Each structure stands twice: as C-alpha cells, then as structure tokens.
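query.cif follows (mmCIF, C-alpha atoms and all ligand atoms):
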```cif
data_entry
#
loop_
_atom_site.label_atom_id
_atom_site.label_comp_id
_atom_site.auth_asym_id
_atom_site.auth_seq_id
_atom_site.Cartn_x
_atom_site.Cartn_y
_atom_site.Cartn_z
CA MET V 19 120.85 114.48 117.36
CA LYS V 20 120.61 117.16 114.71
CA ARG V 21 120.47 115.58 111.26
CA ILE V 22 122.96 116.73 108.64
CA ILE V 23 122.09 115.99 105.02
CA PHE V 24 124.15 116.89 101.95
CA HIS V 25 122.62 117.19 98.50
CA ILE V 26 125.28 117.08 95.79
CA ASP V 27 124.14 118.23 92.37
CA VAL V 28 126.43 118.22 89.32
CA ASN V 29 126.34 121.55 87.49
CA ASN V 30 124.99 121.02 83.99
CA ALA V 31 125.87 117.35 84.16
CA PHE V 32 125.42 116.01 80.62
CA LEU V 33 127.29 118.89 79.04
CA SER V 34 130.05 119.09 81.70
CA TRP V 35 130.68 115.37 81.65
CA THR V 36 130.86 115.34 77.86
CA ALA V 37 133.25 118.31 77.95
CA VAL V 38 135.53 116.56 80.46
CA GLU V 39 135.49 113.35 78.46
CA ARG V 40 136.40 115.17 75.23
CA LEU V 41 139.25 117.10 76.89
CA LYS V 42 140.59 113.77 78.12
CA ASN V 43 140.41 112.43 74.59
CA GLY V 44 142.55 115.24 73.24
CA TYR V 45 139.96 117.81 72.10
CA LYS V 46 141.36 121.30 72.60
CA VAL V 47 138.06 123.15 72.95
CA ASP V 48 136.11 122.93 76.19
CA LEU V 49 132.42 122.57 75.28
CA ARG V 50 131.52 124.62 78.35
CA THR V 51 133.14 127.71 76.79
CA ILE V 52 131.43 127.67 73.37
CA PRO V 53 127.80 127.58 72.14
CA SER V 54 127.12 123.86 72.44
CA VAL V 55 124.29 121.52 73.27
CA ILE V 56 123.82 117.86 73.98
CA GLY V 57 121.17 116.64 71.61
CA GLY V 58 119.04 113.58 71.23
CA ASP V 59 119.98 110.63 69.16
CA GLU V 60 118.08 111.80 66.11
CA SER V 61 118.66 113.85 63.02
CA ALA V 62 118.82 117.59 63.68
CA ARG V 63 115.17 117.95 62.80
CA LYS V 64 113.78 115.42 65.25
CA GLY V 65 116.22 115.50 68.17
CA VAL V 66 115.77 117.77 71.15
CA VAL V 67 118.13 119.79 73.34
CA LEU V 68 118.91 117.83 76.51
CA ALA V 69 121.55 120.20 77.90
CA LYS V 70 123.13 123.48 76.85
CA SER V 71 126.26 125.47 77.65
CA GLN V 72 126.02 128.90 79.29
CA VAL V 73 127.07 130.41 75.98
CA ALA V 74 124.29 128.58 74.14
CA LYS V 75 121.85 129.87 76.75
CA LYS V 76 122.81 133.44 75.81
CA TYR V 77 121.49 132.72 72.31
CA GLY V 78 118.12 131.93 73.84
CA ILE V 79 118.45 128.19 73.43
CA VAL V 80 116.26 126.29 75.88
CA THR V 81 116.09 122.68 77.02
CA ALA V 82 113.61 120.39 75.21
CA GLU V 83 113.31 122.53 72.06
CA THR V 84 114.26 120.79 68.81
CA LEU V 85 117.84 120.88 67.63
CA TYR V 86 116.53 122.47 64.46
CA GLN V 87 115.06 125.41 66.43
CA ALA V 88 118.28 125.69 68.42
CA ARG V 89 120.38 125.83 65.28
CA CYS V 90 118.16 128.59 63.86
CA LYS V 91 119.00 130.66 66.95
CA CYS V 92 122.72 129.95 66.67
CA PRO V 93 124.08 128.74 63.32
CA ASN V 94 127.51 127.95 64.80
CA LEU V 95 126.03 125.73 67.46
CA VAL V 96 128.02 122.58 68.21
CA ILE V 97 125.69 119.64 68.70
CA ILE V 98 127.02 116.58 70.46
CA PRO V 99 124.91 113.44 70.53
CA SER V 100 124.07 112.20 74.00
CA ASP V 101 126.13 109.29 75.22
CA TYR V 102 124.78 107.40 78.19
CA SER V 103 128.03 105.48 78.70
CA ILE V 104 129.81 108.77 79.50
CA TYR V 105 127.11 109.86 81.97
CA LYS V 106 127.10 106.46 83.64
CA LYS V 107 130.89 106.50 83.94
CA TYR V 108 131.04 109.90 85.63
CA SER V 109 127.96 109.23 87.72
CA ASP V 110 129.62 106.04 89.01
CA GLU V 111 132.86 107.92 89.70
CA LEU V 112 130.92 110.51 91.69
CA TYR V 113 129.04 107.83 93.63
CA ASP V 114 132.26 105.94 94.40
CA TYR V 115 133.95 109.10 95.58
CA LEU V 116 131.03 110.17 97.77
CA SER V 117 130.34 106.76 99.27
CA LYS V 118 133.52 106.94 101.31
CA PHE V 119 131.98 109.73 103.36
CA SER V 120 128.79 107.98 104.43
CA PRO V 121 127.16 104.57 104.10
CA ASP V 122 123.80 106.33 103.79
CA ILE V 123 123.93 107.50 100.22
CA GLU V 124 121.08 107.82 97.77
CA MET V 125 121.51 108.37 94.06
CA PHE V 126 118.52 110.62 93.51
CA SER V 127 119.08 110.90 89.78
CA ILE V 128 122.06 110.28 87.54
CA ASP V 129 123.70 113.55 88.65
CA GLU V 130 122.32 114.08 92.15
CA CYS V 131 123.11 112.37 95.44
CA PHE V 132 121.90 112.66 98.99
CA LEU V 133 124.33 111.83 101.80
CA ASP V 134 123.24 111.43 105.40
CA MET V 135 126.17 112.96 107.28
CA THR V 136 124.53 112.91 110.70
CA GLY V 137 127.09 112.33 113.44
CA THR V 138 130.09 112.24 111.12
CA ASP V 139 131.67 115.41 112.53
CA LYS V 140 133.90 113.38 114.86
CA LEU V 141 135.30 111.67 111.79
CA PHE V 142 135.41 114.53 109.30
CA GLY V 143 135.08 117.70 111.33
CA ASP V 144 132.76 120.58 110.65
CA PRO V 145 130.22 119.64 107.94
CA ILE V 146 130.40 122.94 106.07
CA THR V 147 134.19 122.83 105.86
CA LEU V 148 133.84 119.24 104.68
CA ALA V 149 131.33 120.27 101.99
CA TYR V 150 133.85 122.77 100.58
CA LYS V 151 136.55 120.11 100.66
CA ILE V 152 134.32 117.62 98.82
CA SER V 153 133.42 120.22 96.22
CA LYS V 154 137.09 121.10 95.63
CA GLU V 155 138.17 117.47 95.43
CA ILE V 156 135.44 116.58 92.93
CA HIS V 157 136.60 119.44 90.73
CA GLU V 158 140.26 118.45 90.99
CA LYS V 159 139.86 114.69 90.72
CA LEU V 160 136.87 114.31 88.43
CA GLY V 161 137.04 117.54 86.43
CA PHE V 162 133.53 118.94 86.89
CA THR V 163 131.85 121.23 89.38
CA VAL V 164 128.98 120.57 91.76
CA ASN V 165 126.68 122.50 94.03
CA ILE V 166 126.33 121.18 97.56
CA GLY V 167 123.37 121.93 99.79
CA VAL V 168 123.84 121.37 103.53
CA ALA V 169 120.75 121.19 105.70
CA GLU V 170 118.85 119.24 108.34
CA ASN V 171 116.69 117.33 105.87
CA LYS V 172 116.55 116.29 102.23
CA LEU V 173 114.10 118.96 101.14
CA CYS V 174 116.18 121.83 102.51
CA ALA V 175 119.44 120.30 101.23
CA LYS V 176 117.92 120.06 97.77
CA MET V 177 116.55 123.59 97.91
CA ALA V 178 119.97 124.85 99.08
CA SER V 179 121.94 123.19 96.29
CA ASP V 180 119.63 124.95 93.85
CA PHE V 181 120.56 128.44 95.08
CA GLU V 182 123.19 130.30 93.10
CA LYS V 183 125.19 128.12 90.67
CA PRO V 184 127.75 126.88 89.70
CA ASN V 185 130.42 125.51 92.04
CA LYS V 186 128.83 126.68 95.30
CA VAL V 187 128.17 125.38 98.79
CA HIS V 188 124.98 126.65 100.44
CA THR V 189 123.38 125.94 103.78
CA LEU V 190 119.69 126.03 104.57
CA PHE V 191 119.29 125.30 108.25
CA MET V 192 115.92 125.67 109.93
CA ASN V 193 116.89 129.06 111.39
CA GLU V 194 117.81 130.31 107.90
CA ILE V 195 114.57 129.40 106.18
CA HIS V 196 112.82 132.74 106.64
CA LYS V 197 115.89 134.60 105.39
CA LYS V 198 117.03 132.39 102.51
CA MET V 199 113.95 130.54 101.29
CA TRP V 200 110.92 132.64 102.11
CA PRO V 201 111.77 135.58 99.82
CA LEU V 202 111.94 133.25 96.79
CA SER V 203 109.09 133.09 94.32
CA VAL V 204 106.71 130.25 95.16
CA ASP V 205 107.47 128.35 91.94
CA ASN V 206 111.02 127.76 93.22
CA LEU V 207 109.69 125.47 95.92
CA PHE V 208 110.27 121.79 95.21
CA MET V 209 107.05 120.16 93.96
CA VAL V 210 105.23 123.38 93.20
CA GLY V 211 104.81 123.37 89.44
CA LYS V 212 103.82 126.20 87.18
CA LYS V 213 100.12 125.33 87.34
CA SER V 214 99.98 125.41 91.14
CA ALA V 215 102.13 128.53 91.26
CA ASP V 216 99.74 130.32 88.90
CA ILE V 217 96.78 129.50 91.14
CA LEU V 218 98.68 130.60 94.26
CA LYS V 219 99.75 133.86 92.66
CA LYS V 220 96.15 134.62 91.72
CA PHE V 221 95.40 134.59 95.43
CA ASN V 222 98.39 136.79 96.19
CA ILE V 223 100.56 133.95 97.48
CA LYS V 224 103.68 134.99 95.64
CA THR V 225 106.64 133.93 97.74
CA ILE V 226 107.50 130.73 99.61
CA GLY V 227 107.06 132.80 102.77
CA ASP V 228 103.49 133.69 101.72
CA LEU V 229 102.82 129.98 101.22
CA ALA V 230 104.40 129.05 104.57
CA ASN V 231 102.01 131.42 106.31
CA ALA V 232 98.95 130.77 104.14
CA ASP V 233 95.70 129.56 105.65
CA ILE V 234 95.75 125.76 105.66
CA ASN V 235 92.00 125.49 104.98
CA PHE V 236 92.37 127.65 101.90
CA LEU V 237 95.20 125.41 100.64
CA ILE V 238 93.24 122.22 101.27
CA ARG V 239 90.24 123.68 99.46
CA HIS V 240 92.28 124.35 96.34
CA PHE V 241 94.91 121.58 96.38
CA LYS V 242 93.43 118.86 98.64
CA SER V 243 96.11 116.91 100.57
CA ARG V 244 98.81 118.42 98.38
CA GLY V 245 98.06 121.73 100.04
CA ILE V 246 99.25 120.33 103.38
CA MET V 247 102.44 119.08 101.80
CA MET V 248 103.08 122.40 100.09
CA LYS V 249 102.70 124.30 103.34
CA SER V 250 105.04 121.84 105.13
CA TYR V 251 107.69 122.19 102.45
CA ALA V 252 107.39 125.98 102.53
CA ASN V 253 108.19 125.69 106.25
CA GLY V 254 111.17 123.44 105.51
CA ILE V 255 109.55 120.37 107.08
CA ASP V 256 110.55 116.94 105.76
CA ASP V 257 111.63 113.80 107.60
CA SER V 258 112.11 111.35 104.73
CA PRO V 259 115.19 109.14 105.13
CA VAL V 260 118.16 108.84 102.80
CA HIS V 261 117.85 105.39 101.30
CA GLU V 262 119.64 103.34 98.73
CA GLU V 263 118.37 103.23 95.20
CA GLU V 264 116.54 100.10 94.08
CA ARG V 265 118.30 98.28 91.32
CA GLN V 266 116.43 96.72 88.45
CA ASP V 267 117.24 94.09 85.84
CA GLY V 268 117.15 94.36 82.09
CA ILE V 269 116.99 97.53 80.03
CA SER V 270 115.02 99.69 82.31
CA ASN V 271 115.57 102.82 84.23
CA SER V 272 113.57 104.35 87.00
CA GLU V 273 113.71 107.20 89.38
CA THR V 274 112.36 107.30 92.91
CA PHE V 275 111.46 110.74 94.13
CA PRO V 276 111.88 111.58 97.79
CA TYR V 277 108.71 113.64 97.45
CA ASP V 278 105.58 112.79 95.49
CA ILE V 279 105.10 114.48 92.15
CA TYR V 280 101.85 115.45 90.56
CA GLU V 281 102.73 117.79 87.69
CA ILE V 282 102.69 116.07 84.31
CA PRO V 283 105.35 118.37 82.75
CA ILE V 284 107.83 117.45 85.51
CA LEU V 285 107.06 113.77 85.05
CA GLU V 286 107.40 114.09 81.27
CA GLU V 287 110.80 115.70 81.66
CA LYS V 288 111.94 112.81 83.86
CA LEU V 289 110.41 110.36 81.43
CA LEU V 290 112.38 111.86 78.52
CA GLU V 291 115.64 111.50 80.45
CA LEU V 292 114.82 107.90 81.30
CA CYS V 293 113.92 107.11 77.66
CA GLU V 294 117.20 108.67 76.57
CA MET V 295 119.17 106.37 78.86
CA VAL V 296 117.17 103.26 78.04
CA GLY V 297 117.40 104.07 74.31
CA PHE V 298 121.12 104.55 74.48
CA ARG V 299 121.68 101.18 76.11
CA LEU V 300 119.39 99.52 73.59
CA ARG V 301 121.26 101.05 70.66
CA SER V 302 124.67 100.29 72.09
CA MET V 303 123.67 96.61 72.08
CA ASN V 304 122.42 96.96 68.51
CA TYR V 305 118.93 95.95 69.58
CA TYR V 306 115.48 97.19 68.70
CA CYS V 307 112.46 96.62 70.90
CA TYR V 308 108.81 95.85 70.27
CA THR V 309 107.49 96.68 73.73
CA VAL V 310 107.73 99.79 75.89
CA SER V 311 106.44 99.81 79.48
CA VAL V 312 105.98 102.60 81.94
CA MET V 313 105.86 101.93 85.68
CA LEU V 314 104.44 104.27 88.26
CA LYS V 315 104.45 103.94 92.02
CA THR V 316 101.96 106.25 93.67
CA SER V 317 102.13 108.05 96.98
CA SER V 318 100.13 105.23 98.55
CA PHE V 319 102.70 102.74 97.18
CA LYS V 320 100.37 101.24 94.56
CA VAL V 321 102.34 100.07 91.57
CA TYR V 322 100.99 100.37 88.04
CA SER V 323 102.57 99.21 84.85
CA HIS V 324 101.21 99.79 81.37
CA GLN V 325 102.81 98.56 78.22
CA LYS V 326 102.41 98.94 74.52
CA LYS V 327 103.56 96.65 71.75
CA VAL V 328 104.42 98.16 68.38
CA ASP V 329 104.44 96.51 64.97
CA ASN V 330 107.75 97.95 63.91
CA ALA V 331 110.67 97.50 66.29
CA ILE V 332 112.14 100.79 67.51
CA ASN V 333 115.27 102.05 69.25
CA THR V 334 115.38 105.84 68.98
CA THR V 335 114.74 108.01 72.01
CA HIS V 336 112.09 109.86 70.06
CA ASP V 337 110.11 106.69 69.31
CA ILE V 338 110.47 105.27 72.82
CA TYR V 339 109.50 108.57 74.41
CA SER V 340 106.44 109.13 72.24
CA ILE V 341 105.04 105.75 73.32
CA ALA V 342 106.07 106.19 76.95
CA ARG V 343 104.42 109.60 77.01
CA GLN V 344 101.12 108.20 75.72
CA LEU V 345 101.30 105.48 78.37
CA LEU V 346 102.03 108.00 81.13
CA LYS V 347 99.05 110.12 80.11
CA SER V 348 96.74 107.12 80.14
CA MET V 349 97.95 106.12 83.61
CA MET V 350 97.76 109.41 85.47
CA GLY V 351 94.93 109.54 87.96
CA ASP V 352 94.40 111.67 91.01
CA GLU V 353 97.30 110.23 92.92
CA LYS V 354 100.75 111.71 93.13
CA VAL V 355 103.72 109.76 91.80
CA ARG V 356 106.59 108.46 93.89
CA LEU V 357 108.49 106.49 91.26
CA ILE V 358 108.53 106.52 87.49
CA GLY V 359 110.24 103.94 85.32
CA VAL V 360 110.63 102.97 81.69
CA ARG V 361 111.39 99.48 80.44
CA VAL V 362 111.93 98.15 76.97
CA THR V 363 111.53 94.44 76.22
CA ASN V 364 110.90 92.05 73.37
CA PHE V 365 114.11 92.65 71.46
CA THR V 366 115.16 91.98 67.94
CA GLU V 367 118.57 92.53 66.43
CA LYS V 368 117.35 93.85 63.13
CA ARG V 369 114.73 96.42 62.59
CA SER V 370 111.85 94.82 60.78
CA LYS V 371 109.83 97.30 58.86
CA GLN V 372 106.37 96.50 57.68
CA LEU V 373 105.69 98.20 54.45
CA SER V 374 102.79 100.50 54.61
CA LEU V 375 101.47 102.77 51.92
CA PHE V 376 100.32 105.21 54.54
CA ASP V 377 103.49 105.33 56.55
CA ASP V 378 105.72 108.20 55.51
CA GLU V 379 108.16 107.65 58.36
CA THR V 380 110.37 105.53 56.15
CA GLU V 381 113.65 106.97 57.35
CA ASP V 382 115.44 104.97 59.97
CA PHE V 383 116.82 107.67 62.23
CA SER V 384 118.93 105.30 64.27
CA GLU V 385 120.89 104.49 61.12
CA VAL V 386 121.25 108.21 60.43
CA GLN V 387 122.48 108.68 63.99
CA LYS V 388 125.08 105.93 63.67
CA VAL V 389 126.47 107.47 60.48
CA VAL V 390 126.57 110.91 62.09
CA ASP V 391 128.34 109.52 65.18
CA HIS V 392 130.85 107.73 63.02
CA LEU V 393 131.61 110.77 60.84
CA LYS V 394 131.96 113.04 63.83
CA ASN V 395 134.36 110.66 65.50
CA LYS V 396 136.40 110.53 62.33
CA TYR V 397 136.33 114.10 61.04
CA GLY V 398 135.32 116.18 64.04
CA LYS V 399 132.23 118.05 64.98
CA ASP V 400 132.02 120.37 61.97
CA ILE V 401 130.97 117.65 59.58
CA PHE V 402 127.57 117.57 61.26
CA ILE V 403 127.08 121.33 61.15
CA ASN V 404 127.98 121.46 57.47
CA ALA V 405 125.62 118.67 56.58
CA THR V 406 122.77 120.42 58.36
CA LYS V 407 123.48 123.71 56.61
CA ILE V 408 123.48 122.02 53.23
CA LYS V 409 120.16 120.42 54.03
CA ARG V 410 118.61 123.76 54.90
CA ASP V 411 119.93 125.78 51.98
MG MG Q 501 122.40 118.77 88.06
#
```
Would it be possible to restate this file's structure as structure tokens?
Amino acid sequence: MKRIIFHIDVNNAFLSWTAVERLKNGYKVDLRTIPSVIGGDESARKGVVLAKSQVAKKYGIVTAETLYQARCKCPNLVIIPSDYSIYKKYSDELYDYLSKFSPDIEMFSIDECFLDMTGTDKLFGDPITLAYKISKEIHEKLGFTVNIGVAENKLCAKMASDFEKPNKVHTLFMNEIHKKMWPLSVDNLFMVGKKSADILKKFNIKTIGDLANADINFLIRHFKSRGIMMKSYANGIDDSPVHEEERQDGISNSETFPYDIYEIPILEEKLLELCEMVGFRLRSMNYYCYTVSVMLKTSSFKVYSHQKKVDNAINTTHDIYSIARQLLKSMMGDEKVRLIGVRVTNFTEKRSKQLSLFDDETEDFSEVQKVVDHLKNKYGKDIFINATKIKRD
C-alpha cells in the first residue's frame, strides 16, 4: 500500500503562539502585525532573538542575534520574553487535535508533527482534501496557521511543508520530485548544511537535482557514508517509520531526529531551543542548578552523556546554553547525531554566589528577568523599551 505521511509545521510557532495567547488575554495588538521578537530570558544585552515577526524581518532582524543588535536595527521593536508554558500549552493542543486522525503520530519538535495517514482514506476521504480541512480547523480552533506537507515518506513530507509559507498545503509525491524539489538549491535539502553545500557548489552541484544525479563515488570520496545518504535524500528516498516520542523524567528535554545530523550549527540551534525550554521550567520552579548534562545518541545508537558541574548555581538560558555548547563541542566525533538532549540536575532554591575578585559577572540576570516580566505584566510592553532606551542614552 502506498504510504501517506503528513508533516505539520506551525508557522513561526513561538511568535504566533505568543500572539494568540496575548489576544486571548485582552491585548488589542496582534504581535504578528508589528515589529516584534521573542527574546531570551536575559537583559536586552545578553538575550538573543528566538523568533521574529515578518515585520521585524523587514528591518533585517535575524534569529540568534542579540536583542541589543535587533533593537539597534529597529528602535520600536517589541520584545517579549519567551514563555515555555505557552509553547507547551499550544503544542499539546495541536498534538491532541492531530492525534484523533492517526494513532501513529510523532512530535518531531515542539511545533512539528508527523502523522502516518496510510490507509485512512476510507475513514477520512482524500488525503489532500483532509490536509486542507486540518489546516483550516487548526486556524479556526487554535488560532494559528500551519504548513502541511503530504508525501509518501517523512523526508518528502518535511521538504514539502517547507515550500512556500505560511498557511499552505503542499504535496511532494515521488512523481513530483523532479519538478518540485530538483530545481531547489542544494542547501534546501534536509541535512545538507552550509558547509556541505559550499563543497558541492564548488564542484558545480548546485541544485538538489544535480545532487540526485551526481556520481556516487565522487560523493563518497568527499562525504564518506553521508554522501550516500545525501544522494538518497535528493532522490526522495526515506523509509523511516513514524514513531512516538520518548518521554523523559526530570528537567530535561531532548529531540530525536528522523535523520542523522552532522552539522554543528544545526545541532547548536537545537541545543539553544532545548536549553531555553529546560531553563524556563527551572526558573518557573524557582530553582537553580549546579549540573548541566548533554546527551547524544549517534547514528549507530551509541549513547553518550557528558556533564559539567559549576560552582555557582545557574538558571538562565544563556548560562545553561554556554555550558551545554562546550559539552557538545567536546563530544562531537565523526559520527552523526540521532538524538540530542539537555538535562539540568543538582538543584538549589537559592542562588549561591561565591565571591570572587576576578568575577565581574556579578549581575544576576534571572532576577533582572523576573523584574522585567513583572513590570511588563503590570504596565505593558513599553516599560521595557523605555528602560532599554534610557540605558543606551
Ligand atoms: Mg515551525
């Protein structure tokens, strides 16, 4: 039987979800229609942009730059602190809604789901019509838009949902690959990072189609076994199953990739998101942690875990991420990564600060963040903008 896989991807999830939540709470302005970003949990100087509105994008604001840089580009920028509880709430709502369509559902990340819809046409009718219906219902019931990719495997479904955005349904069936996927630049292919794309382009492999038809021996010579995978993906080949997410205890978060990842920048981006979620949960419990661990599962299913204990308990995303990043770098070998996770342990309720003559990081940014959150809740968003302006003048 022909497989039918849906990939559902929330458009600009963190920002959309925050916008929906604020509209529900009586805010008149939709964040999606003004220059706005979701920032880290830090002061404007140390936090980074996690998500941005389309309007903010027009100012040249990019993900992962500091909030300070973003504000320089757009002085009227509205910065909303990230709030994991909101993301979790809407992610759960999405999962609950989607799970009535198929028992084979995989939460791929907080805002992306795979559904195995194989053989459900007797129940729900034509899959493409159903995809449009799902998209419309999510918008009406939950308030945000999604892209849905419909294909015969996970890879193609994921590639399809990444075509034109937002609020679109795209198909990428095997007989459409040469028309829809092959003309795209090779760096659009899942798992081909900038570094690999640069090498490929040097050898005149510019499009996914070029890669699909490239000499396998050449690819193996330059990329080892990854070359085989890249050529398979460029041909739309993937038979990985849709499976349920593993659940973990404690304050940890992990992400299993359906395909193995090698590029450190991609892994770092995932790591930052995971640290943001772990950090939020830690802070919402008023805890600080002494130990940060990073887990990796490799393509051959070996599991590694490295941890680091710090002298001063921490709870900001910035602090957790900077340790997690060091750990990740020390752990990366030749093998590709299948799962990445972050865990914080060894809690304390109060931050204990060792006095050090050489430590100039005396400011406790989590306290700053709490005050900012409180003031914004009480007086509205502008209080934060004004304070930042005063600081810079
Ligand atoms: Mg998304």
- Message: Using all atoms listed in the file, can you tell me which of V:Val187, V:Gly44, V:Met177, V:Glu182 comes closest to Leu207 (chain V)?
- Response: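 Using all atoms listed in the file, Leu207 (chain V) sits closest to V:Met177.
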- Would you name the residues within 7 Å of ligand MG 501 (chain Q), counting only C-alpha atoms and all ligand atoms, and put them as a list in words? Asp27, Val28, Asn29, Asn30, Ala31, Asp129 and Glu130 of chain V
- Query: Which one of V:Lys183, V:Lys20, V:Lys107, V:His261 sits closest to Ser120 (chain V) if you count all atoms listed in the file?
  - Reply: V:His261
Every residue with an atom at most 12 Å from (130.5, 105.1, 104.3) (file coordinates; only C-alpha atoms) is what I'm after, so could you write them as a PDB file with C-alpha atoms, in the frame of the given file?
```pdb
ATOM      1  CA  TYR V 113     129.040 107.830  93.630  1.00  0.00           C
ATOM      2  CA  ASP V 114     132.260 105.940  94.400  1.00  0.00           C
ATOM      3  CA  TYR V 115     133.950 109.100  95.580  1.00  0.00           C
ATOM      4  CA  LEU V 116     131.030 110.170  97.770  1.00  0.00           C
ATOM      5  CA  SER V 117     130.340 106.760  99.270  1.00  0.00           C
ATOM      6  CA  LYS V 118     133.520 106.940 101.310  1.00  0.00           C
ATOM      7  CA  PHE V 119     131.980 109.730 103.360  1.00  0.00           C
ATOM      8  CA  SER V 120     128.790 107.980 104.430  1.00  0.00           C
ATOM      9  CA  PRO V 121     127.160 104.570 104.100  1.00  0.00           C
ATOM     10  CA  ASP V 122     123.800 106.330 103.790  1.00  0.00           C
ATOM     11  CA  ILE V 123     123.930 107.500 100.220  1.00  0.00           C
ATOM     12  CA  GLU V 124     121.080 107.820  97.770  1.00  0.00           C
ATOM     13  CA  LEU V 133     124.330 111.830 101.800  1.00  0.00           C
ATOM     14  CA  ASP V 134     123.240 111.430 105.400  1.00  0.00           C
ATOM     15  CA  MET V 135     126.170 112.960 107.280  1.00  0.00           C
ATOM     16  CA  THR V 136     124.530 112.910 110.700  1.00  0.00           C
ATOM     17  CA  THR V 138     130.090 112.240 111.120  1.00  0.00           C
ATOM     18  CA  LEU V 141     135.300 111.670 111.790  1.00  0.00           C
ATOM     19  CA  PHE V 142     135.410 114.530 109.300  1.00  0.00           C
TER      20      PHE V 142
END
```
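The gap separating CA of Arg301 (chain V) from CA of Glu111 (chain V) is 23.3 Å, in Å to one decimal.
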- Check the smallest atom-to-atom distance from each of V:Ile282, V:Val296, V:Val66, V:Ile332 to Gly351 (chain V) using all atoms listed in the file, then report the winner. V:Ile282
- Closest of V:Met349, V:Tyr45, V:Cys92, V:Asp139 to Met19 (chain V) - atom-to-atom distances counting all atoms listed in the file: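 Smallest separation from Met19 (chain V) among the options: V:Asp139.
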- Item | Nearby residues (all atoms listed in the file) at most 9 Å from region 232-240 of chain V, same-chain spacing under 6 positions excluded, as a list in words |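 The residues that qualify are Ile217, Leu218, Ile223, Ile246, Met248 and Lys249 of chain V.
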Residues just named, written with C-alpha atoms as a tab-separated table (two decimals), in the frame of the given file:
```tsv
chain	number	residue	atom	x	y	z
V	217	ILE	CA	96.78	129.50	91.14
V	218	LEU	CA	98.68	130.60	94.26
V	223	ILE	CA	100.56	133.95	97.48
V	246	ILE	CA	99.25	120.33	103.38
V	248	MET	CA	103.08	122.40	100.09
V	249	LYS	CA	102.70	124.30	103.34
```
